[in-house]
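Student: target.pdb is the file, holding PDB, C-alpha atoms:
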MODEL        1
ATOM      1  CA  MET Q   1       4.160  -9.628  22.815
ATOM      2  CA  ARG Q   2       6.896 -11.848  21.425
ATOM      3  CA  SER Q   3      10.049 -10.351  20.004
ATOM      4  CA  PHE Q   4      10.322 -10.502  16.252
ATOM      5  CA  HIS Q   5      13.950 -11.543  16.603
ATOM      6  CA  GLY Q   6      12.896 -14.294  18.963
ATOM      7  CA  LEU Q   7      10.368 -15.517  16.425
ATOM      8  CA  VAL Q   8      12.813 -15.514  13.547
ATOM      9  CA  ALA Q   9      16.016 -16.726  15.124
ATOM     10  CA  VAL Q  10      17.851 -17.457  11.931
ATOM     11  CA  ALA Q  11      18.426 -14.591   9.519
ATOM     12  CA  PHE Q  12      16.846 -15.206   6.144
ATOM     13  CA  ILE Q  13      18.397 -13.855   2.958
ATOM     14  CA  SER Q  14      15.581 -13.508   0.463
ATOM     15  CA  VAL Q  15      16.096 -14.336  -3.196
ATOM     16  CA  ILE Q  16      12.833 -12.692  -4.172
ATOM     17  CA  ALA Q  17      13.592  -9.504  -6.059
ATOM     18  CA  PHE Q  18      10.495  -7.535  -5.085
ATOM     19  CA  GLN Q  19      11.457  -7.673  -1.408
ATOM     20  CA  SER Q  20      14.487  -5.469  -1.897
ATOM     21  CA  CYS Q  21      14.456  -2.291   0.190
ATOM     22  CA  VAL Q  22      16.526  -0.557  -2.503
ATOM     23  CA  VAL Q  23      14.372   0.816  -5.299
ATOM     24  CA  HIS Q  24      15.303   2.907  -8.328
ATOM     25  CA  GLY Q  25      12.916   5.354  -9.949
ATOM     26  CA  ASN Q  26      12.711   8.989 -10.892
ATOM     27  CA  PHE Q  27       9.934  11.386  -9.967
ATOM     28  CA  TYR Q  28      10.788  13.791 -12.788
ATOM     29  CA  ARG Q  29      10.311  11.041 -15.326
ATOM     30  CA  ASP Q  30       7.594   8.879 -13.783
ATOM     31  CA  VAL Q  31       5.009  11.130 -12.094
ATOM     32  CA  TYR Q  32       3.285  14.495 -12.375
ATOM     33  CA  PHE Q  33       1.439  16.746  -9.931
ATOM     34  CA  ASN Q  34      -2.313  16.292 -10.071
ATOM     35  CA  TRP Q  35      -2.888  18.999  -7.455
ATOM     36  CA  GLY Q  36      -0.951  21.304  -5.120
ATOM     37  CA  ALA Q  37       2.199  21.577  -7.246
ATOM     38  CA  LYS Q  38       3.169  24.713  -5.328
ATOM     39  CA  HIS Q  39       3.030  22.645  -2.146
ATOM     40  CA  ALA Q  40       5.637  20.066  -3.110
ATOM     41  CA  TYR Q  41       9.288  19.818  -4.003
ATOM     42  CA  MET Q  42      11.166  17.457  -6.303
ATOM     43  CA  TYR Q  43      14.930  17.420  -5.834
ATOM     44  CA  ASN Q  44      18.087  15.295  -5.838
ATOM     45  CA  ASN Q  45      17.781  14.711  -9.601
ATOM     46  CA  GLY Q  46      14.253  13.376  -9.195
ATOM     47  CA  ASP Q  47      15.049  10.815  -6.503
ATOM     48  CA  ASN Q  48      13.166  12.731  -3.796
ATOM     49  CA  LEU Q  49       9.750  14.333  -3.493
ATOM     50  CA  ASP Q  50       8.373  16.181  -0.464
ATOM     51  CA  LEU Q  51       4.604  16.599  -0.239
ATOM     52  CA  VAL Q  52       3.421  19.572   1.818
ATOM     53  CA  LEU Q  53       0.126  20.412   3.512
ATOM     54  CA  ASP Q  54      -0.744  23.787   4.982
ATOM     55  CA  LYS Q  55      -4.018  25.584   5.655
ATOM     56  CA  THR Q  56      -4.410  26.572   2.010
ATOM     57  CA  ALA Q  57      -3.861  23.201   0.310
ATOM     58  CA  GLY Q  58      -2.221  19.803   0.276
ATOM     59  CA  SER Q  59      -0.463  18.144  -2.637
ATOM     60  CA  GLY Q  60      -0.480  14.987  -4.708
ATOM     61  CA  VAL Q  61       1.149  13.185  -7.624
ATOM     62  CA  GLN Q  62       0.245  10.342  -9.949
ATOM     63  CA  SER Q  63       2.194   8.214 -12.370
ATOM     64  CA  TYR Q  64       2.144   8.876 -16.097
ATOM     65  CA  ASN Q  65       1.719   5.173 -16.788
ATOM     66  CA  SER Q  66      -0.888   2.666 -15.682
ATOM     67  CA  PHE Q  67       0.073  -0.878 -14.752
ATOM     68  CA  LEU Q  68      -1.397  -4.345 -14.522
ATOM     69  CA  PHE Q  69       0.603  -6.671 -12.250
ATOM     70  CA  GLY Q  70       4.088  -6.307 -10.893
ATOM     71  CA  SER Q  71       5.747  -4.639  -7.924
ATOM     72  CA  ILE Q  72       5.224  -0.994  -6.920
ATOM     73  CA  GLU Q  73       7.669   0.367  -4.348
ATOM     74  CA  MET Q  74       8.097   3.643  -2.521
ATOM     75  CA  LEU Q  75      10.304   4.796   0.333
ATOM     76  CA  ILE Q  76       8.244   7.069   2.609
ATOM     77  CA  LYS Q  77       9.046   9.185   5.655
ATOM     78  CA  LEU Q  78       5.829  10.293   7.355
ATOM     79  CA  VAL Q  79       4.878  13.653   8.870
ATOM     80  CA  PRO Q  80       6.620  14.002  12.258
ATOM     81  CA  GLY Q  81       5.263  15.471  15.462
ATOM     82  CA  ASN Q  82       1.592  16.307  15.822
ATOM     83  CA  SER Q  83       0.187  14.917  12.566
ATOM     84  CA  ALA Q  84      -3.388  14.495  13.826
ATOM     85  CA  GLY Q  85      -5.970  14.940  11.081
ATOM     86  CA  THR Q  86      -3.508  14.438   8.234
ATOM     87  CA  VAL Q  87      -3.408  11.491   5.853
ATOM     88  CA  THR Q  88      -0.459  10.444   3.732
ATOM     89  CA  ALA Q  89      -1.810   8.227   0.969
ATOM     90  CA  TYR Q  90       0.017   5.846  -1.361
ATOM     91  CA  TYR Q  91      -2.131   3.673  -3.595
ATOM     92  CA  LEU Q  92      -2.947   2.231  -6.998
ATOM     93  CA  SER Q  93      -6.237   3.062  -8.687
ATOM     94  CA  SER Q  94      -8.066   2.888 -11.985
ATOM     95  CA  THR Q  95     -10.837   5.379 -12.781
ATOM     96  CA  GLY Q  96     -14.636   5.309 -13.081
ATOM     97  CA  ASN Q  97     -17.522   4.070 -10.972
ATOM     98  CA  TYR Q  98     -16.304   0.462 -11.171
ATOM     99  CA  HIS Q  99     -12.678   1.181 -10.400
ATOM    100  CA  ASP Q 100     -10.101  -1.091  -8.798
ATOM    101  CA  GLU Q 101      -7.853   0.229  -6.033
ATOM    102  CA  ILE Q 102      -5.139  -1.042  -3.668
ATOM    103  CA  ASP Q 103      -4.349   1.241  -0.720
ATOM    104  CA  PHE Q 104      -1.806   2.219   1.859
ATOM    105  CA  GLU Q 105      -2.982   5.194   3.940
ATOM    106  CA  PHE Q 106      -1.208   6.547   7.007
ATOM    107  CA  LEU Q 107      -3.493   8.249   9.494
ATOM    108  CA  GLY Q 108      -1.748  10.893  11.583
ATOM    109  CA  ASN Q 109      -2.023  11.204  15.343
ATOM    110  CA  SER Q 110      -1.208  13.515  18.212
ATOM    111  CA  SER Q 111       2.408  13.899  19.260
ATOM    112  CA  GLY Q 112       3.794  10.778  20.846
ATOM    113  CA  GLN Q 113       0.995   8.553  19.594
ATOM    114  CA  PRO Q 114       1.595   5.936  16.885
ATOM    115  CA  TYR Q 115       0.385   6.220  13.313
ATOM    116  CA  THR Q 116      -2.399   3.971  12.049
ATOM    117  CA  MET Q 117      -1.541   2.219   8.780
ATOM    118  CA  HIS Q 118      -4.775   1.670   6.875
ATOM    119  CA  THR Q 119      -4.985  -0.848   3.999
ATOM    120  CA  ASN Q 120      -7.909  -1.519   1.685
ATOM    121  CA  ILE Q 121      -8.718  -3.039  -1.692
ATOM    122  CA  PHE Q 122     -11.520  -2.145  -4.111
ATOM    123  CA  THR Q 123     -12.728  -4.368  -6.937
ATOM    124  CA  GLN Q 124     -15.218  -3.036  -9.487
ATOM    125  CA  GLY Q 125     -15.957  -0.110  -7.180
ATOM    126  CA  LYS Q 126     -16.544  -2.217  -4.075
ATOM    127  CA  GLY Q 127     -14.312  -1.650  -1.048
ATOM    128  CA  ASN Q 128     -15.034  -2.123   2.667
ATOM    129  CA  ARG Q 129     -12.094  -4.533   2.987
ATOM    130  CA  GLU Q 130     -10.070  -2.572   5.519
ATOM    131  CA  GLN Q 131      -7.291  -3.924   7.679
ATOM    132  CA  GLN Q 132      -5.434  -1.546   9.997
ATOM    133  CA  PHE Q 133      -2.125  -1.837  11.813
ATOM    134  CA  LYS Q 134       0.138   0.032  14.175
ATOM    135  CA  LEU Q 135       3.758   0.099  13.058
ATOM    136  CA  TRP Q 136       6.615  -1.531  14.979
ATOM    137  CA  PHE Q 137       8.963   1.394  14.327
ATOM    138  CA  ASP Q 138       8.865   5.185  14.170
ATOM    139  CA  PRO Q 139       7.828   5.916  10.548
ATOM    140  CA  THR Q 140       8.773   9.580  10.930
ATOM    141  CA  ALA Q 141      12.436   9.036  11.875
ATOM    142  CA  ASP Q 142      13.586   7.609   8.560
ATOM    143  CA  TYR Q 143      12.402   6.339   5.185
ATOM    144  CA  HIS Q 144      10.779   2.887   5.054
ATOM    145  CA  ASN Q 145       9.873   0.714   2.089
ATOM    146  CA  TYR Q 146       6.176   0.187   1.342
ATOM    147  CA  THR Q 147       5.537  -2.233  -1.514
ATOM    148  CA  ILE Q 148       2.406  -3.452  -3.267
ATOM    149  CA  HIS Q 149       3.080  -6.722  -5.076
ATOM    150  CA  TRP Q 150       0.271  -7.715  -7.403
ATOM    151  CA  ASN Q 151      -0.006 -10.685  -9.729
ATOM    152  CA  PRO Q 152      -2.783 -12.907 -11.139
ATOM    153  CA  THR Q 153      -2.688 -14.998  -7.949
ATOM    154  CA  ALA Q 154      -2.757 -12.431  -5.158
ATOM    155  CA  VAL Q 155      -2.093  -8.917  -3.886
ATOM    156  CA  VAL Q 156       0.490  -8.676  -1.094
ATOM    157  CA  TRP Q 157       1.257  -5.577   0.988
ATOM    158  CA  PHE Q 158       4.843  -5.366   2.268
ATOM    159  CA  VAL Q 159       6.523  -3.078   4.810
ATOM    160  CA  ASP Q 160      10.329  -3.247   4.765
ATOM    161  CA  SER Q 161      10.162  -6.658   3.066
ATOM    162  CA  ILE Q 162       7.719  -8.025   5.653
ATOM    163  CA  PRO Q 163       4.344  -9.141   4.263
ATOM    164  CA  ILE Q 164       1.504  -7.756   6.349
ATOM    165  CA  ARG Q 165      -1.537  -8.767   4.310
ATOM    166  CA  VAL Q 166      -2.588 -10.997   1.396
ATOM    167  CA  PHE Q 167      -5.709 -10.869  -0.788
ATOM    168  CA  ARG Q 168      -5.944 -13.954  -3.008
ATOM    169  CA  ASN Q 169      -7.699 -14.337  -6.338
ATOM    170  CA  TYR Q 170     -10.993 -16.206  -5.948
ATOM    171  CA  LYS Q 171     -12.611 -14.601  -8.962
ATOM    172  CA  SER Q 172     -13.578 -18.025 -10.320
ATOM    173  CA  GLU Q 173     -15.812 -18.320  -7.238
ATOM    174  CA  GLY Q 174     -17.486 -14.953  -7.741
ATOM    175  CA  ILE Q 175     -15.212 -12.900  -5.473
ATOM    176  CA  GLY Q 176     -13.855  -9.741  -7.053
ATOM    177  CA  PHE Q 177     -10.159  -9.422  -7.887
ATOM    178  CA  PRO Q 178      -8.326  -6.576  -9.663
ATOM    179  CA  ASN Q 179      -7.143  -8.218 -12.879
ATOM    180  CA  GLN Q 180      -9.007  -6.394 -15.658
ATOM    181  CA  GLN Q 181      -8.000  -2.729 -15.303
ATOM    182  CA  GLY Q 182      -4.707  -0.889 -15.433
ATOM    183  CA  MET Q 183      -4.039   1.271 -12.386
ATOM    184  CA  GLN Q 184      -1.966   4.399 -11.935
ATOM    185  CA  VAL Q 185       0.145   5.048  -8.845
ATOM    186  CA  TYR Q 186      -0.889   7.948  -6.601
ATOM    187  CA  SER Q 187       0.519   9.607  -3.513
ATOM    188  CA  SER Q 188      -0.822  12.613  -1.613
ATOM    189  CA  LEU Q 189      -0.821  14.488   1.680
ATOM    190  CA  TRP Q 190      -4.162  15.990   2.618
ATOM    191  CA  ASN Q 191      -6.517  17.256   5.303
ATOM    192  CA  ALA Q 192      -8.782  14.457   6.527
ATOM    193  CA  ASP Q 193      -9.532  15.706  10.010
ATOM    194  CA  ASN Q 194     -13.216  14.891   9.613
ATOM    195  CA  TRP Q 195     -12.336  11.184  10.065
ATOM    196  CA  ALA Q 196      -8.614  10.379  10.219
ATOM    197  CA  THR Q 197      -7.804  10.678  13.920
ATOM    198  CA  ARG Q 198     -10.142   9.093  16.466
ATOM    199  CA  GLY Q 199     -12.968   9.202  13.964
ATOM    200  CA  GLY Q 200     -12.615  12.944  13.454
ATOM    201  CA  LEU Q 201     -12.592  13.919  17.135
ATOM    202  CA  VAL Q 202      -9.039  15.255  16.907
ATOM    203  CA  LYS Q 203      -8.602  18.077  14.406
ATOM    204  CA  ILE Q 204      -5.515  19.413  12.688
ATOM    205  CA  ASP Q 205      -3.486  21.855  14.768
ATOM    206  CA  TRP Q 206      -2.604  24.388  12.077
ATOM    207  CA  SER Q 207      -0.029  25.995  14.328
ATOM    208  CA  CYS Q 208       2.101  22.937  13.522
ATOM    209  CA  ALA Q 209       1.882  23.558   9.756
ATOM    210  CA  PRO Q 210       3.378  23.162   7.265
ATOM    211  CA  PHE Q 211       3.242  19.372   7.399
ATOM    212  CA  MET Q 212       5.656  17.449   5.193
ATOM    213  CA  ALA Q 213       5.912  13.818   4.071
ATOM    214  CA  GLY Q 214       9.000  12.628   2.217
ATOM    215  CA  LEU Q 215       8.911  10.215  -0.720
ATOM    216  CA  LYS Q 216      11.995   8.631  -2.181
ATOM    217  CA  LYS Q 217      12.967   6.379  -5.097
ATOM    218  CA  PHE Q 218       9.567   5.441  -6.464
ATOM    219  CA  ASN Q 219       9.857   2.328  -8.602
ATOM    220  CA  ALA Q 220       7.276   0.468 -10.684
ATOM    221  CA  ARG Q 221       8.668  -2.860 -11.841
ATOM    222  CA  ALA Q 222       5.396  -3.738 -13.453
ATOM    223  CA  CYS Q 223       3.575  -4.464 -16.700
ATOM    224  CA  LYS Q 224       2.634  -1.257 -18.506
ATOM    225  CA  TRP Q 225      -1.076  -1.079 -19.330
ATOM    226  CA  GLU Q 226      -1.672  -0.616 -23.049
ATOM    227  CA  GLY Q 227      -5.390  -1.296 -23.242
ATOM    228  CA  PRO Q 228      -7.520  -4.468 -23.037
ATOM    229  CA  LEU Q 229      -4.859  -6.596 -24.748
ATOM    230  CA  SER Q 230      -2.776  -6.127 -21.594
ATOM    231  CA  ILE Q 231      -5.230  -8.317 -19.667
ATOM    232  CA  ILE Q 232      -3.699 -11.287 -21.454
ATOM    233  CA  LYS Q 233      -0.222  -9.902 -22.149
ATOM    234  CA  CYS Q 234       0.479  -9.026 -18.504
ATOM    235  CA  ALA Q 235      -0.903 -12.275 -17.086
ATOM    236  CA  VAL Q 236       0.631 -14.877 -19.389
ATOM    237  CA  PRO Q 237       3.332 -16.877 -17.545
ATOM    238  CA  THR Q 238       6.574 -16.008 -19.338
ATOM    239  CA  PRO Q 239      10.086 -15.211 -18.060
ATOM    240  CA  PHE Q 240       9.509 -11.575 -19.013
ATOM    241  CA  ASN Q 241       6.434 -11.500 -16.744
ATOM    242  CA  TRP Q 242       8.552 -12.372 -13.720
ATOM    243  CA  TRP Q 243       5.637 -11.781 -11.308
ATOM    244  CA  THR Q 244       3.890 -14.860 -12.732
ATOM    245  CA  SER Q 245       6.762 -17.126 -11.685
ATOM    246  CA  ARG Q 246       5.854 -19.989  -9.395
ATOM    247  CA  VAL Q 247       7.876 -18.506  -6.537
ATOM    248  CA  TYR Q 248       5.488 -15.545  -6.331
ATOM    249  CA  LYS Q 249       2.309 -17.598  -6.077
ATOM    250  CA  GLN Q 250       2.713 -18.416  -2.397
ATOM    251  CA  LEU Q 251       4.500 -16.863   0.566
ATOM    252  CA  ASN Q 252       7.343 -19.017   1.870
ATOM    253  CA  TRP Q 253       7.503 -20.234   5.470
ATOM    254  CA  ASP Q 254       9.734 -17.385   6.562
ATOM    255  CA  GLN Q 255       7.335 -14.819   5.104
ATOM    256  CA  LEU Q 256       4.337 -16.535   6.678
ATOM    257  CA  GLY Q 257       6.037 -16.419  10.070
ATOM    258  CA  LYS Q 258       6.777 -12.726   9.731
ATOM    259  CA  MET Q 259       3.228 -11.929   8.639
ATOM    260  CA  LYS Q 260       1.790 -13.889  11.562
ATOM    261  CA  TRP Q 261       3.987 -11.890  13.925
ATOM    262  CA  VAL Q 262       2.694  -8.598  12.483
ATOM    263  CA  GLN Q 263      -0.949  -9.661  12.456
ATOM    264  CA  ASP Q 264      -0.804 -11.140  15.956
ATOM    265  CA  ASN Q 265       0.890  -8.125  17.506
ATOM    266  CA  TYR Q 266       0.091  -5.053  15.412
ATOM    267  CA  MET Q 267      -3.220  -5.539  13.617
ATOM    268  CA  ILE Q 268      -5.873  -3.356  15.230
ATOM    269  CA  TYR Q 269      -8.777  -3.822  12.805
ATOM    270  CA  ASN Q 270      -9.882  -6.546  10.406
ATOM    271  CA  TYR Q 271     -13.093  -6.240   8.408
ATOM    272  CA  CYS Q 272     -13.414 -10.012   8.458
ATOM    273  CA  THR Q 273     -14.003  -9.994  12.229
ATOM    274  CA  ASP Q 274     -16.271  -6.933  12.416
ATOM    275  CA  TYR Q 275     -19.535  -8.851  12.673
ATOM    276  CA  LYS Q 276     -21.410  -5.874  14.131
ATOM    277  CA  ARG Q 277     -20.572  -3.592  11.198
ATOM    278  CA  PHE Q 278     -21.743  -6.097   8.604
ATOM    279  CA  GLY Q 279     -24.601  -7.592  10.605
ATOM    280  CA  GLY Q 280     -22.971 -11.016  10.470
ATOM    281  CA  LYS Q 281     -23.039 -11.033   6.643
ATOM    282  CA  MET Q 282     -19.328 -11.266   6.113
ATOM    283  CA  ALA Q 283     -17.546 -10.931   2.779
ATOM    284  CA  PRO Q 284     -17.116 -14.362   1.156
ATOM    285  CA  GLU Q 285     -13.324 -14.071   1.020
ATOM    286  CA  CYS Q 286     -13.317 -13.988   4.821
ATOM    287  CA  TYR Q 287     -14.072 -17.713   4.749
ATOM    288  CA  LYS Q 288     -11.263 -18.490   2.288
ATOM    289  CA  PRO Q 289      -7.579 -19.075   2.978
ATOM    290  CA  GLN Q 290      -5.608 -16.029   1.877
ATOM    291  CA  TYR Q 291      -2.140 -17.516   2.195
TER     292      TYR Q 291
ENDMDL
END
As structure tokens, how would this structure be written, given the file I've shared?

Tutor:
Amino acid sequence: MRSFHGLVAVAFISVIAFQSCVVHGNFYRDVYFNWGAKHAYMYNNGDNLDLVLDKTAGSGVQSYNSFLFGSIEMLIKLVPGNSAGTVTAYYLSSTGNYHDEIDFEFLGNSSGQPYTMHTNIFTQGKGNREQQFKLWFDPTADYHNYTIHWNPTAVVWFVDSIPIRVFRNYKSEGIGFPNQQGMQVYSSLWNADNWATRGGLVKIDWSCAPFMAGLKKFNARACKWEGPLSIIKCAVPTPFNWWTSRVYKQLNWDQLGKMKWVQDNYMIYNYCTDYKRFGGKMAPECYKPQY
């Protein structure tokens, strides 16, 4: 495995705003509890939120507003120790049977074993586009920035400013892309021990409860959804819609190098190479360049 520092020998100072690891939001103002309010804590004037899971319940929040395009950021510190069977979720989603969704999910593991970072995207209710990664740092030791950048050209998942995955817009060729529905931001900590760790073989050890995941400085620098007119308003290329700027339509060479390093060394599952699962009938985007 090559060293990341060996791959990127020259430090790169990004001018792209959405890569910043410093985000500014307020949980008091921007989100509400959709379940388990008694199992969570907001503090530090709304900068911090701790989600808690014990044997009685987990907890979750969602944003008041829905968005169409922009940059959604969260600093997250995952459950430490034996987190097997737990899932910390952070995602965007619309509602209904034909919903769109863009996911980060962190699948817990037994003490000393690395987390699995699970990503997925749904368009018009269709998912099955999973890519999974191990992380190159301890996500329980400190807060790390997880960003979903979404514009009319592509969706990009970032971890600490490093792009890990791209899903490009090929809707003109009949491939679904989330550009018609506003999505709210959700985060939750919940019991998923029927599937999360080794396919459900490892269950939650409740003697380790309560489990706690820390969220910090949620920020949505994005276009607020105000109904169907937003489909045009949020996509039109104007200076106000900064995410439509030319610089955001393609990863630069530095970003491509960093993403290749992650995918070469830390990707553990890619739906586009799982021929057995799909009987050789692969999703059409698997044959298209994504970046």

Student: Could you name the residues that touch range 87-98 of chain Q at 7 Å or less, counting all atoms listed in the file, but leaving out those on the same chain fewer than 2 positions away, as a PyMOL selection string?

Tutor: chain Q and resi 85+100-108+124-125+181-192+196

Student: Counting all atoms listed in the file, figure out which residue out of Q:Thr147, Q:Thr140, Q:Ser59, Q:Thr119 gets nearest to Ala220 in chain Q.

Tutor: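 That would be Q:Thr147, the residue with the smallest distance to Ala220 in chain Q.
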
Student: Could you list, as a count of residues only, every residue matched by the PyMOL selection byres ((chain Q and resi 28) around 12) in this structure?

Tutor: 24

Student: Which residue gives the smallest distance to Asp54 in chain Q among Q:Ser207, Q:Ser111, Q:Asn82, Q:Gln131, with only C-alpha atoms counted?

Tutor: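 Checking each of Q:Ser207, Q:Ser111, Q:Asn82, Q:Gln131 against Asp54 in chain Q, counting only C-alpha atoms, the winner is Q:Ser207.
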
Student: Taking into account all atoms listed in the file, which residue in the set Q:Phe167, Q:Phe278, Q:Trp261, Q:Phe122 is nearest to Thr153 in chain Q?

Tutor: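 Using all atoms listed in the file, the shortest distance to Thr153 in chain Q belongs to Q:Phe167.
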
Student: Could you please determine the separation between CA of Gly257 in chain Q and CA of Phe240 in chain Q in Å, to one decimal place?

Tutor: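 Result for CA of Gly257 in chain Q versus CA of Phe240 in chain Q: 29.7 Å, one decimal.
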
Student: Rounded to one decimal, what separation in Å do you get between CA of Pro239 in chain Q and CA of Asn219 in chain Q?

Tutor: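 It comes out at 19.9 Å.
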
Student: Which one of Q:His39, Q:Pro152, Q:Met74, Q:Ala213 sits closest to Val236 in chain Q if you count all atoms listed in the file?

Tutor: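 Using all atoms listed in the file, Val236 in chain Q sits closest to Q:Pro152.
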
Student: Calculated over only C-alpha atoms, which of the candidates Q:Glu73, Q:Asp160, Q:Glu226, Q:Glu130 has the smallest distance to Asp274 in chain Q?

Tutor: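 Residue with the minimum atom-to-atom distance to Asp274 in chain Q: Q:Glu130.
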